[in-house]
Structures are given as C-alpha cells and as structure tokens.
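Chemist: Could you have a look at this structure, given as structure tokens, before my questions?
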Amino acid sequence: MKITKLSDFFVTGDPLIYGADVAIGLTMVAIVVALTAFKRWGWLWREWLTTVDHKRIGIMYVIASLLMLFRGGVDALLMRTQLALPDSMEFLKPDHYNDIFTTHGVIMILFMAMPLMFGLFNLTVPLQIGARDVAFPLLNSLSFWLFFMGAMLFNVSFVIGGSPEAGWLAYPPLSEKMFSPGVGQDFYIWGIQISGIGSLMTGINFIVTILKMRAPGMKLMKMPMFTWSVLSSCLTIILAFPILTVTLALLFIDRYFGAHFFTLDMGGNPMMYINLIWMWGHPEVYIVVLPAFGIFSEIVATFSKKRLFGYGSMVFALMSISIFSFFTWAHHFFTMGSGANVNAFFAVTTMIIAIPTGVKIFNWLFTMYKGKITFELPMLWTMAFIPCFIVGGMTGVMLSVAPADFQFHNSYFLIAHFHQVLIGGVVFGYFAGLYYWWPKVFGFKLNDKLGKWAFWLWNIGFYVCFMPQYVLGLMGMTRRVSSYSWDTGWWSWNFVSTIGGFLMGIGFLFQVWQILHSIKFMERVKGDPWGGRTLEWSIPSPAPFYNFAITPKVEGRDDWWRRKELAAKGVQDPPPKYEPIHMPKNSGTPIVMSLFWFILGFGFVFDWLWLIVPGAIGIAATMLYHSFNYDTDYYVTVDEIKKTEAKAGRVV
Ligand code: HEM
Ligand SMILES: [Cu+2]
C-alpha cells in the first residue's frame, strides 16, 4: 500500500482509538522504564524470553491469553453498550461495530481460548505423565513465540492500518480485495496464519510427548484423563489446522495476486471457501472444548475423593467426538441451498455428538455420587459448568434440526447458544483448570473469598447476559446489527443483556484483584494441596526445573493416590538414588525467528517488498544459524539435584 498521508497508516478520527493510542504508548514507556530502573532486561531475556522450560512457556501462554481476554472482553462490552443504546446515539458507528465483532470473535477463539488451552497443556501434561519436558522443547518455545507474534500482528491492526471487518471467518466475496480494499483483511490472514503454524507445531509436539515420553509403566489406558483429552484435542489439531492454513493461503493469493479461487467471476466459488473454513472451524470448537472435559474429569475425581467413573467410556467418548467433529461442518450453512439430503446427513451427524457428550456428563455425575465432595473453587466452576453446558448443548441440538435452523440461522438465538457453550464450557473449564493447577505452578493458593465473588459475578452475569438473547433471537433480532428501531420491542431485553455483560466484566476484575491480593499475602502450599490423584501432585510446588528428580515407575491409574494408600499402610518408598539429568539449554532462536515472521507478515500486509525481503532472509538465516549450533544441552549434577530437592522439601 502506498502511504501518502498519516491517516493511511495510523487509524485516525475516532476518540476511542486515540484513547487506545495513548494507553498503549504509556504502557510501553512504563514497561521500558520499569525494566531499566530495576535492571531487569537481562533477567527477562535469560529467564523468560529464551526459556525452553514447558512450565515457564505455560505461564507466558496464560499471561498472554488473559491479556487477550481483557482485550476481547472490552470489545464485547463496547458492542453491548452500543446495543443498549440503539437509535438515539451512535456510540459505535456501523463500520466500527463491524471491526469490533470481527476482532472480538477472532481474539476470543484464536488468541484467548487457544493459548489458554496451550498454557494448561504446557503446565500440566509433562507433569502428569512423569516426563522432564515435552518431546521438542525448542519447538515448543517457537510455537509460543509464533502465537505471540501472530497475536500482536493482529492486534496492532486497530491502531495501525485498520481492523478487519468481514466477521471472524472472513467469508468471501466480502473479504476479497474488491469489497475490503484496506489492509485489515491482510492483518487477519497473516496474524492467524503465523500463530496457526505455531498451533500446528504444538499439536505435533504434544502428540509425540504423550505417545513417547510417558514414565515407565504408564500404559495408554493408565493415563490421566486430562492427558487423554489433550491427545484427542491435538489429533484434531493436526487434522484441522492444515485446512485452515491452505484456506487462508488461497484467500491471500486471491487478494495479493488477483487470483479467483473464491470469486464467482473467472470460475471461482465462495462456497468453496465456506466449506473449507468450516471443515476447520467446526473441529476447532471441539479442539477447545475437549481439554475442558479432561479438566472436569480430573477435578470431579479429586474433589469427590473417588476414582473417575467409566474411564474406558470417557476415552471412547473423547475419541469419537474428535472424529465426528469432522463430519458436521455443513450445519453452519443449512440455509445455503445444499438440498434436503445433504442437510439431513449433517443434521444427524451433528446430533450424534450429543451421545458421547451425554455419556461424559453422566460419568461425572456418577463420580460425584456418594463422593466426599469438597467445594473448593475448581469444583465450584465444574459444578457451574454442568448445567450451563447441558442447556447450551440442548439449544445446539435445536439448531441442528435443519428445518428449524431456517428460523434460527444468524439470529441472536445462535449467538446465545455458542456463547453458552464457549463461556460455560470452555472459559469456565479453563478457569477451573487454572484454579486447580495454580498452587502446583506457583506454590501458593489463590484467595478464596475474592474467588467466590468472581465466581458468582461471572455466573449470574452469564445468565443475565445470554438468556435474554435466546428470546431476542426468537423475536427476530439478527446477529451483527449495531442498531435497531424502538418499535421492534427489543430494547428492554438488550438492556438487561448488557447489564449481564458488565457483571461478567466485574467478575474478571475480581479475578485480577484475587491474583494481586494472593501474590501479596502469599499463602505457601506443599506439593499436594488438594489431595490429588495423579503424578503432578507427587512433586513439590512449584515443580523444580527438571520436574522429577527420579522418573516415577507407574503401576496403576491414579498412581500417586495408589502410592499414598500404600504409604498409609506403612509401605515405604526406597531412598532415592539420583542420577545426572539431561536438560535442554535456553535459546534465543525461537523469539528471534518469530520476530522475523512478524516483519515478514507486516511487510505482506502493506505490500512493502523492502520489509518482506529482510523478513524472509531473517527467517532463513536464523534457521541456518541454529542448525550449526551444537551446544544445545547439559547435565544437571547429582549435587545440584540434592540441593534443589532439599530446598523444595520433598512431599514424600
Ligand atoms: C465475556 C462475555 C462476552 C460477551 C458479553 C460477548 C458479546 C458478544 C457480542 C455482543 C457479539 C456480537 C454479536 C453480533 O452482533 O453478531 C459477540 C460475537 C462473538 N463472540 Fe462473544 N462475547 C463474550 C465472550 C465470548 C467468548 C468467551 C468467546 C469465545 C471463546 C466469544 C466468541 C464470539 C464469536 C466467535 C462471535 C462472532 C463474531 C462474528 O460475528 O464474526 N465471545 N460476542
Ligand atoms: Cu459446527
């Protein structure tokens, strides 16, 4: 793009955006000043930016995703504010509203849910399977930095160049050059593409980790349920994400080189895009929800003090959901004229998914039955999830009835449905996981009282916000409208809905407060604060950098529980015999290479060859440089292990 005046580059003219400019500028200055004043640059680089430790990478994922939850949440509240004040006032102009629902959707799914999920994978999986790290630690760090740079590239669009505004899935022809001539759509393509490569690599990394790195004795059917859910999610990732990569690449070729894959003139077809994007998009929603199922399984068993009911059927349900998720994509366009037979097929395959999901819910309920339940925060979130997800699932089945969908399609009924499963299932699930594993990761507990406030605000806010939207949908309010007239009778429902949105926003603030408060009054915990069942609870909290001083030998499911039972009967573990531990060294390659990806992406967005070329050369050069680096690992000495273990205070 040729820049002839300032407003070609910086987004101008909107007071909200000027406010954001100032806030971003001030925050960056504050960060730089703080790092310099406290002499923390070296520490940041050595301990965090170049780390290959899965636990630290997990923490960085969690922090980044919570920031994105904030950004996506602000977007949501801006939209809800506009919808509470229709007609009379143009708080958001229609164009700006388009920007915001597009960035909100993309950020929530790709830059909030996905990284929060990867954060939990990283924090937990190696510990659950008794491993020292993931299979490819350096690749893991590269995945994180690619996600991060992709997210940043996408995020700068609202102050530089302009946001995408063709919806979160960017249907052509609207997303083609002809109808979206600005750079927003290119930010969309490159932001998602770069982070998507990272996601694909994470999928591969965790599949290999789970298949190859389990402690001796941990047969597949002895794995903790969360690990199973990660495996099923990652298998879905490696089948689905290549479809996304290709689809976005084709859209890029359309926009950049004037090809016509997705335009009707010159023989292309937008329907092709819509099929492809949903072949990724539908499995994507299962990719994010399956790990939540795994989290609930761990929590329900731990806080009911019982082993998980129906282990085998849980595994079977996870796997069949990931397979079936690939045969349902056309339910997203029942109304687009596929014909009755095609619609019937996809309606039935969609409804079938309710069966394994129902099996899982019954298994959780049976696990709780006659259990000694304690209502700690992770368990509260799990209990809130179950009814919420049942209602969301049932409205989903309603939508999957093809003829009925002609009524519901693109109405607020749909918006209410998918927020119910995404918030009630995914967000509540990951919160539960975060509360559950927090003491493991950081070695201290989160304040209970503030956490309960947050819990109730989120839950009440959720129902106040989204139940009215089912009604609005039935009253005929369609999605993606920024205004409506008073005589529709929609105002009061929308107003209530907006109040609910703000309650959830306050809930989020309580969580931030909860974290800050708990850091201040740090309540230290031992290795096993909840009375856990799986291996991650058998080592100190926070885990030493090498995780397990001695690789555990696994004999049963819930092996840590089994060992505790044996210990209660007086059976003692033999005294540990330490051996040197082989560890990977930190590396700057991932962050440097990802920075070059950012430069390349930015160059493509503005079509600046002078930026594309150094970006591409930089990527190739870092790769080449790294392939000549043989100094990648080291051994931790027995002495150091002994010292670290003594300091951490072994739990057994
Ligand atoms: C925290 C409370 C949330 C509120 C108040 C909220 C609100 C909204 C609103 C007002 C819209 C626009 C509806 C329209 O005009 O079509 C929307 C769309 C959307 N939201 Fe949310 N949202 C929330 C959380 C989430 C979460 C957690 C996710 C995903 C994990 C999510 C994913 C989406 C998606 C994919 C869209 C569709 C965007 C599009 O039409 O292209 N939202 N949301
Ligand atoms: Cu779907």
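So you can find residues: chains in the structure tokens are A, B, ... in the order shown, residues in each start at 1, and ligands are numbered from 1 in order.
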Give me, as an MDAnalysis selection string, all polymer residues having an atom no more than 12 Å from Val554 (chain A), counting only C-alpha atoms and skipping those fewer than 3 positions away in the same chain.
Modeler: chainID A and resid 128:131 214:224 534:535 551 557:563
Chemist: Using only C-alpha atoms and all ligand atoms, which protein or nucleic acid residues are at most 6 Å from ligand 1, as an MDAnalysis selection string?
Modeler: chainID A and resid 73 76:77 79:80 101:102 105 108:109 113 167:168 419 422:423 479:481 501
Chemist: Check every protein, DNA and RNA residue against ligand 2, keep those with an atom at most 7 Å away (counting only C-alpha atoms and all ligand atoms), and present them as a list in words.
Modeler: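 Based on only C-alpha atoms and all ligand atoms, ligand 2 is surrounded within 7 Å by His282, Thr328, Trp329, His331 and His332 of chain A.
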Chemist: Hey, can you spit out that residue selection with all heavy atoms as a short mmCIF file (atom, residue, chain, number, x, y, z; two decimals), in the first residue's frame?
Modeler:
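Wrote it out as again-v2.cif, contents follow:
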data_model
loop_
_atom_site.label_atom_id
_atom_site.label_comp_id
_atom_site.auth_asym_id
_atom_site.auth_seq_id
_atom_site.Cartn_x
_atom_site.Cartn_y
_atom_site.Cartn_z
N HIS A 282 -15.46 -26.02 12.49
CA HIS A 282 -16.24 -26.84 13.42
C HIS A 282 -15.34 -27.69 14.32
O HIS A 282 -15.49 -27.65 15.54
CB HIS A 282 -17.34 -27.66 12.77
CG HIS A 282 -18.17 -28.26 13.84
ND1 HIS A 282 -19.15 -27.57 14.49
CD2 HIS A 282 -18.05 -29.43 14.48
CE1 HIS A 282 -19.62 -28.30 15.47
NE2 HIS A 282 -18.98 -29.44 15.49
N THR A 328 -19.51 -32.76 10.48
CA THR A 328 -20.68 -31.95 10.82
C THR A 328 -20.62 -30.55 10.24
O THR A 328 -21.53 -29.77 10.47
CB THR A 328 -20.77 -31.78 12.35
OG1 THR A 328 -19.61 -31.06 12.77
CG2 THR A 328 -20.81 -33.11 13.06
N TRP A 329 -19.55 -30.25 9.48
CA TRP A 329 -19.31 -28.84 9.19
C TRP A 329 -20.46 -28.15 8.46
O TRP A 329 -20.71 -26.97 8.66
CB TRP A 329 -18.00 -28.67 8.42
CG TRP A 329 -18.07 -28.99 6.96
CD1 TRP A 329 -18.38 -28.09 5.97
CD2 TRP A 329 -17.84 -30.25 6.33
NE1 TRP A 329 -18.36 -28.73 4.76
CE2 TRP A 329 -18.03 -30.04 4.94
CE3 TRP A 329 -17.49 -31.51 6.77
CZ2 TRP A 329 -17.89 -31.06 4.01
CZ3 TRP A 329 -17.35 -32.52 5.84
CH2 TRP A 329 -17.55 -32.30 4.49
N HIS A 331 -23.49 -28.06 8.96
CA HIS A 331 -24.60 -27.48 9.72
C HIS A 331 -24.46 -25.97 9.86
O HIS A 331 -25.39 -25.31 10.31
CB HIS A 331 -24.79 -28.17 11.09
CG HIS A 331 -23.66 -28.01 12.05
ND1 HIS A 331 -23.37 -28.95 13.01
CD2 HIS A 331 -22.76 -27.02 12.24
CE1 HIS A 331 -22.34 -28.55 13.73
NE2 HIS A 331 -21.96 -27.40 13.28
N HIS A 332 -23.31 -25.44 9.47
CA HIS A 332 -23.17 -23.98 9.54
C HIS A 332 -23.78 -23.28 8.35
O HIS A 332 -23.85 -22.06 8.31
CB HIS A 332 -21.70 -23.60 9.68
CG HIS A 332 -21.13 -24.06 10.97
ND1 HIS A 332 -21.22 -23.33 12.13
CD2 HIS A 332 -20.51 -25.22 11.32
CE1 HIS A 332 -20.67 -23.99 13.12
NE2 HIS A 332 -20.24 -25.15 12.66
#
Chemist: Which of these, A:Ser7, A:Ala23, A:Asn155, A:Met477, has the shortest distance to His409 (chain A) once you count only C-alpha atoms?
Modeler: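 Smallest separation from His409 (chain A) among the options: A:Met477.
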Chemist: Residues at most 6 Å from region 431-439 of chain A, counting only C-alpha atoms, excluding those fewer than 5 positions away in the same chain, as a PyMOL selection string?
Modeler: chain A and resi 295+378+381+444-445
Chemist: I'd like the interatomic distance between CA of Phe262 (chain A) and CA of Tyr188 (chain A), to a tenth of an Å.
Modeler: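 One can read the CA of Phe262 (chain A) to CA of Tyr188 (chain A) distance as 16.8 Å.
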Chemist: My list of candidates is A:Tyr369, A:Tyr578, A:Phe154, A:Trp228. Which is closest to Asp186 (chain A) when distances are computed with only C-alpha atoms?
Modeler: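 When distances to Asp186 (chain A) are compared using only C-alpha atoms, the smallest one comes from A:Phe154.
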Chemist: Do you know which residues are at most 12 Å from Ile515 (chain A) counting only C-alpha atoms, after dropping those on the same chain fewer than 6 positions away, and could you put them as an mmCIF file with C-alpha atoms, in the first residue's frame?
Modeler:
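Dumped everything to out31.cif:
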data_model
loop_
_atom_site.group_PDB
_atom_site.id
_atom_site.type_symbol
_atom_site.label_atom_id
_atom_site.label_comp_id
_atom_site.auth_asym_id
_atom_site.auth_seq_id
_atom_site.Cartn_x
_atom_site.Cartn_y
_atom_site.Cartn_z
ATOM 1 C CA ILE A 63 -0.472 -14.305 30.861
ATOM 2 C CA LEU A 66 -5.550 -13.300 29.977
ATOM 3 C CA LEU A 434 -6.325 -22.630 36.264
ATOM 4 C CA TYR A 435 -7.650 -22.608 39.836
ATOM 5 C CA TRP A 438 -2.418 -22.702 40.202
ATOM 6 C CA PRO A 439 -0.902 -23.899 43.514
ATOM 7 C CA PHE A 442 3.213 -21.090 41.617
ATOM 8 C CA PHE A 444 0.731 -20.598 46.616
ATOM 9 C CA LYS A 445 -3.033 -20.646 46.881
ATOM 10 C CA LEU A 446 -5.404 -18.072 45.452
ATOM 11 C CA ASN A 447 -7.632 -16.150 47.833
ATOM 12 C CA ASP A 448 -10.898 -17.967 48.291
ATOM 13 C CA LYS A 449 -13.191 -15.081 49.169
ATOM 14 C CA LEU A 450 -12.328 -12.914 46.185
ATOM 15 C CA GLY A 451 -12.502 -16.008 44.026
ATOM 16 C CA ALA A 454 -15.638 -13.588 40.873
ATOM 17 C CA PHE A 508 -12.952 -10.576 35.630
ATOM 18 C CA LEU A 509 -11.735 -7.577 37.641
ATOM 19 C CA PHE A 521 -0.292 -12.311 51.040
ATOM 20 C CA MET A 522 1.363 -15.361 49.584
ATOM 21 C CA GLU A 523 -0.009 -18.489 51.299
#
Chemist: Using only C-alpha atoms, pick whichever of A:Phe346, A:Phe261, A:Phe144, A:Phe385 has the shortest atom-to-atom distance to Gly425 (chain A).
Modeler: A:Phe385
Chemist: If you count only C-alpha atoms, which residues fall within 8 Å of Leu244 (chain A), apart from same-chain ones fewer than 3 positions away, as a VMD selection string?
Modeler: chain A and resid 240 to 241 247 to 248 276 to 277 280
Chemist: Pick the closest to Leu595 (chain A) from A:Phe226, A:Pro164, A:Lys526, A:Leu146: which is it, counting only C-alpha atoms?
Modeler: A:Leu146
Chemist: Which value, in Å to one decimal, gives the distance between CA of Phe598 (chain A) and CA of Val613 (chain A)?
Modeler: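 It comes out at 12.3 Å.
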